[in-house]
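Quick look at coords.csv (CSV, C-alpha atoms):
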chain,number,residue,atom,x,y,z
I,243,MET,CA,-63.4,-89.4,-38.0
I,244,ILE,CA,-60.1,-91.0,-37.3
I,245,LEU,CA,-61.5,-94.5,-36.6
I,246,ASP,CA,-63.7,-94.2,-39.7
I,247,ALA,CA,-60.7,-93.5,-41.8
I,248,LEU,CA,-58.7,-96.5,-40.6
I,249,SER,CA,-58.3,-99.7,-42.6
I,250,PRO,CA,-60.1,-102.8,-41.2
I,251,ALA,CA,-56.7,-104.1,-40.0
I,252,ALA,CA,-55.9,-100.8,-38.2
I,253,ARG,CA,-59.3,-100.8,-36.5
I,254,GLU,CA,-58.6,-104.3,-35.2
I,255,ALA,CA,-55.2,-103.1,-34.0
I,256,HIS,CA,-56.9,-100.2,-32.2
I,257,ALA,CA,-59.0,-102.7,-30.2
I,258,VAL,CA,-56.0,-104.9,-29.5
I,259,ILE,CA,-53.8,-102.0,-28.3
I,260,LEU,CA,-56.5,-100.7,-26.0
I,261,GLY,CA,-57.0,-104.2,-24.6
I,262,GLU,CA,-53.2,-104.6,-24.1
I,263,LEU,CA,-53.3,-101.3,-22.1
I,264,GLY,CA,-56.1,-102.6,-20.0
I,265,LEU,CA,-58.6,-100.2,-21.5
I,266,PRO,CA,-62.1,-101.1,-22.6
I,267,PRO,CA,-62.9,-100.7,-26.3
I,268,ASP,CA,-64.9,-97.6,-25.7
I,269,ALA,CA,-62.2,-95.9,-23.6
I,270,PRO,CA,-61.5,-92.2,-24.3
I,271,TRP,CA,-58.3,-93.0,-26.2
I,272,TYR,CA,-58.3,-89.7,-28.1
I,273,GLU,CA,-57.2,-87.9,-25.0
I,274,LEU,CA,-54.0,-90.0,-24.9
I,275,PRO,CA,-51.6,-88.2,-27.3
I,276,ILE,CA,-49.5,-91.2,-28.1
I,277,LEU,CA,-52.5,-93.2,-29.2
I,278,ARG,CA,-54.2,-90.3,-31.0
I,279,ARG,CA,-51.1,-89.5,-33.0
I,280,LEU,CA,-50.5,-93.2,-33.9
I,281,PHE,CA,-54.0,-93.7,-35.2
I,282,GLU,CA,-54.2,-90.2,-36.7
I,283,GLN,CA,-51.1,-91.1,-38.8
I,284,LEU,CA,-52.6,-94.4,-39.9
I,285,ALA,CA,-55.9,-92.7,-40.8
I,286,TRP,CA,-54.0,-90.0,-42.8
I,287,ARG,CA,-52.0,-92.6,-44.7
I,288,ASN,CA,-55.1,-94.6,-45.5
I,289,LEU,CA,-57.0,-91.5,-46.7
I,290,ALA,CA,-54.0,-90.4,-48.8
I,291,ALA,CA,-53.8,-93.8,-50.4
I,292,ARG,CA,-57.5,-93.7,-51.3
I,293,ALA,CA,-57.0,-90.3,-52.9
I,294,GLU,CA,-54.0,-91.5,-54.9
I,295,ALA,CA,-56.1,-94.5,-56.0
I,296,HIS,CA,-58.6,-91.9,-57.4
I,297,GLY,CA,-55.9,-90.2,-59.4
I,298,LEU,CA,-54.3,-87.6,-57.2
I,299,THR,CA,-50.5,-87.4,-57.0
I,300,PRO,CA,-48.9,-88.0,-53.6
I,301,TRP,CA,-48.6,-84.3,-52.4
I,302,PRO,CA,-52.2,-83.3,-53.2
I,303,ALA,CA,-53.4,-86.6,-51.8
I,304,GLU,CA,-51.6,-86.0,-48.5
I,305,GLU,CA,-53.0,-82.5,-48.3
I,306,GLN,CA,-56.6,-83.6,-49.0
I,307,ALA,CA,-56.2,-86.4,-46.4
I,308,ALA,CA,-54.9,-83.9,-43.8
I,309,ARG,CA,-57.8,-81.5,-44.4
I,310,GLN,CA,-60.2,-84.4,-43.9
I,311,LEU,CA,-58.7,-85.0,-40.5
I,312,GLY,CA,-58.5,-81.3,-39.6
I,313,ARG,CA,-54.7,-81.2,-39.5
I,314,ASP,CA,-52.0,-79.4,-41.2
I,315,VAL,CA,-50.3,-81.6,-43.8
I,316,ARG,CA,-46.8,-80.5,-42.6
I,317,THR,CA,-47.5,-81.7,-39.1
I,318,LEU,CA,-48.5,-85.1,-40.3
I,319,GLN,CA,-45.6,-85.4,-42.7
I,320,THR,CA,-43.1,-84.3,-40.1
I,321,ARG,CA,-44.4,-86.9,-37.6
I,322,LEU,CA,-44.0,-89.6,-40.2
I,323,ARG,CA,-40.7,-88.7,-41.7
I,324,GLY,CA,-39.1,-87.0,-38.7
I,325,LYS,CA,-37.9,-84.1,-40.9
I,326,THR,CA,-39.1,-81.0,-42.6
I,327,PRO,CA,-41.3,-81.9,-45.6
I,328,VAL,CA,-40.2,-80.8,-49.0
I,329,PRO,CA,-43.0,-79.2,-51.0
I,330,PRO,CA,-43.5,-80.3,-54.6
I,331,PHE,CA,-41.7,-78.4,-57.4
I,332,THR,CA,-38.8,-77.1,-55.3

Full structure transcribed into structure tokens:
Amino acid sequence: MILDALSPAAREAHAVILGELGLPPDAPWYELPILRRLFEQLAWRNLAARAEAHGLTPWPAEEQAARQLGRDVRTLQTRLRGKTPVPPFT
């Protein structure tokens, strides 16, 4: 699901990064947390942007994108922002 949710540019970057690490394009990258988290974040942002383009506001768009990836939205927000996320309407 992660690779399917990436933008074309991010998919190209995925192949380049694997190559730079000396890994083949079909390497089991998902088992490497640093790579998994990087591409999970990119996929989440891309899915959220798509949801916003279809009329959702940022918070619901991020929640929907996180559900699509099977992650908690707060985990993804915290990784991106490095702080505790602020829920809407607080």

Item to check | Contacts of I:Arg279 at 12 Å (all atoms listed in the file; same-chain gap of 5+ positions) as a ChimeraX atom specification | outcome: /I:244,271-274,284-286,311,313,317-322

Next on the checklist: For a test of reading the model, state the distance in Å between atom CA of I:Pro300 and atom CA of I:Phe281, rounded to one decimal.
Outcome noted: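 About the pair atom CA of I:Pro300 and atom CA of I:Phe281: they are 19.9 Å apart.
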
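Straight-line separation from atom CA of I:Gly312 to atom CA of I:Ala257: 23.4 Å.
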
Item to check | Answer as a count of residues only, residues within 12 Å of (-58.9, -84.4, -42.7) using all atoms listed in the file | outcome: 27

Checklist entry - Rounded to one decimal in Å, what is the spacing between atom CA of I:Glu262 and atom CA of I:Ala291? => result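 Atom CA of I:Ala291 lies 28.4 Å from atom CA of I:Glu262.
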
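Among I:Gly297, I:Leu245, I:Arg316, I:Leu277, the residue with the shortest atom-to-atom distance to I:Leu260, counting all atoms listed in the file, is I:Leu277.
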
As a CSV table (one decimal), keeping the file's coordinate frame, could you write out stretch 248-264 of chain I once it has been completed with N, CA and C atoms?
chain,number,residue,atom,x,y,z
I,248,LEU,N,-59.7,-95.4,-40.8
I,248,LEU,CA,-58.7,-96.5,-40.6
I,248,LEU,C,-59.1,-97.7,-41.5
I,249,SER,N,-58.1,-98.5,-41.9
I,249,SER,CA,-58.3,-99.7,-42.6
I,249,SER,C,-58.9,-100.7,-41.6
I,250,PRO,N,-59.6,-101.8,-42.1
I,250,PRO,CA,-60.1,-102.8,-41.2
I,250,PRO,C,-59.0,-103.3,-40.3
I,251,ALA,N,-57.8,-103.6,-40.8
I,251,ALA,CA,-56.7,-104.1,-40.0
I,251,ALA,C,-56.3,-103.1,-38.9
I,252,ALA,N,-56.3,-101.9,-39.2
I,252,ALA,CA,-55.9,-100.8,-38.2
I,252,ALA,C,-57.0,-100.7,-37.1
I,253,ARG,N,-58.2,-100.9,-37.5
I,253,ARG,CA,-59.3,-100.8,-36.5
I,253,ARG,C,-59.2,-102.0,-35.6
I,254,GLU,N,-58.8,-103.2,-36.1
I,254,GLU,CA,-58.6,-104.3,-35.2
I,254,GLU,C,-57.4,-104.0,-34.3
I,255,ALA,N,-56.4,-103.5,-34.8
I,255,ALA,CA,-55.2,-103.1,-34.0
I,255,ALA,C,-55.5,-102.2,-32.9
I,256,HIS,N,-56.4,-101.2,-33.2
I,256,HIS,CA,-56.9,-100.2,-32.2
I,256,HIS,C,-57.5,-101.0,-31.0
I,257,ALA,N,-58.3,-101.9,-31.3
I,257,ALA,CA,-59.0,-102.7,-30.2
I,257,ALA,C,-58.0,-103.5,-29.4
I,258,VAL,N,-57.0,-104.1,-30.1
I,258,VAL,CA,-56.0,-104.9,-29.5
I,258,VAL,C,-55.1,-104.0,-28.6
I,259,ILE,N,-54.7,-102.9,-29.1
I,259,ILE,CA,-53.8,-102.0,-28.3
I,259,ILE,C,-54.5,-101.5,-27.1
I,260,LEU,N,-55.8,-101.1,-27.2
I,260,LEU,CA,-56.5,-100.7,-26.0
I,260,LEU,C,-56.6,-101.8,-25.0
I,261,GLY,N,-56.9,-103.0,-25.5
I,261,GLY,CA,-57.0,-104.2,-24.6
I,261,GLY,C,-55.6,-104.4,-23.9
I,262,GLU,N,-54.5,-104.3,-24.6
I,262,GLU,CA,-53.2,-104.6,-24.1
I,262,GLU,C,-52.9,-103.5,-23.0
I,263,LEU,N,-53.5,-102.4,-23.1
I,263,LEU,CA,-53.3,-101.3,-22.1
I,263,LEU,C,-54.3,-101.4,-21.0
I,264,GLY,N,-55.1,-102.4,-21.0
I,264,GLY,CA,-56.1,-102.6,-20.0
I,264,GLY,C,-57.3,-101.7,-20.1
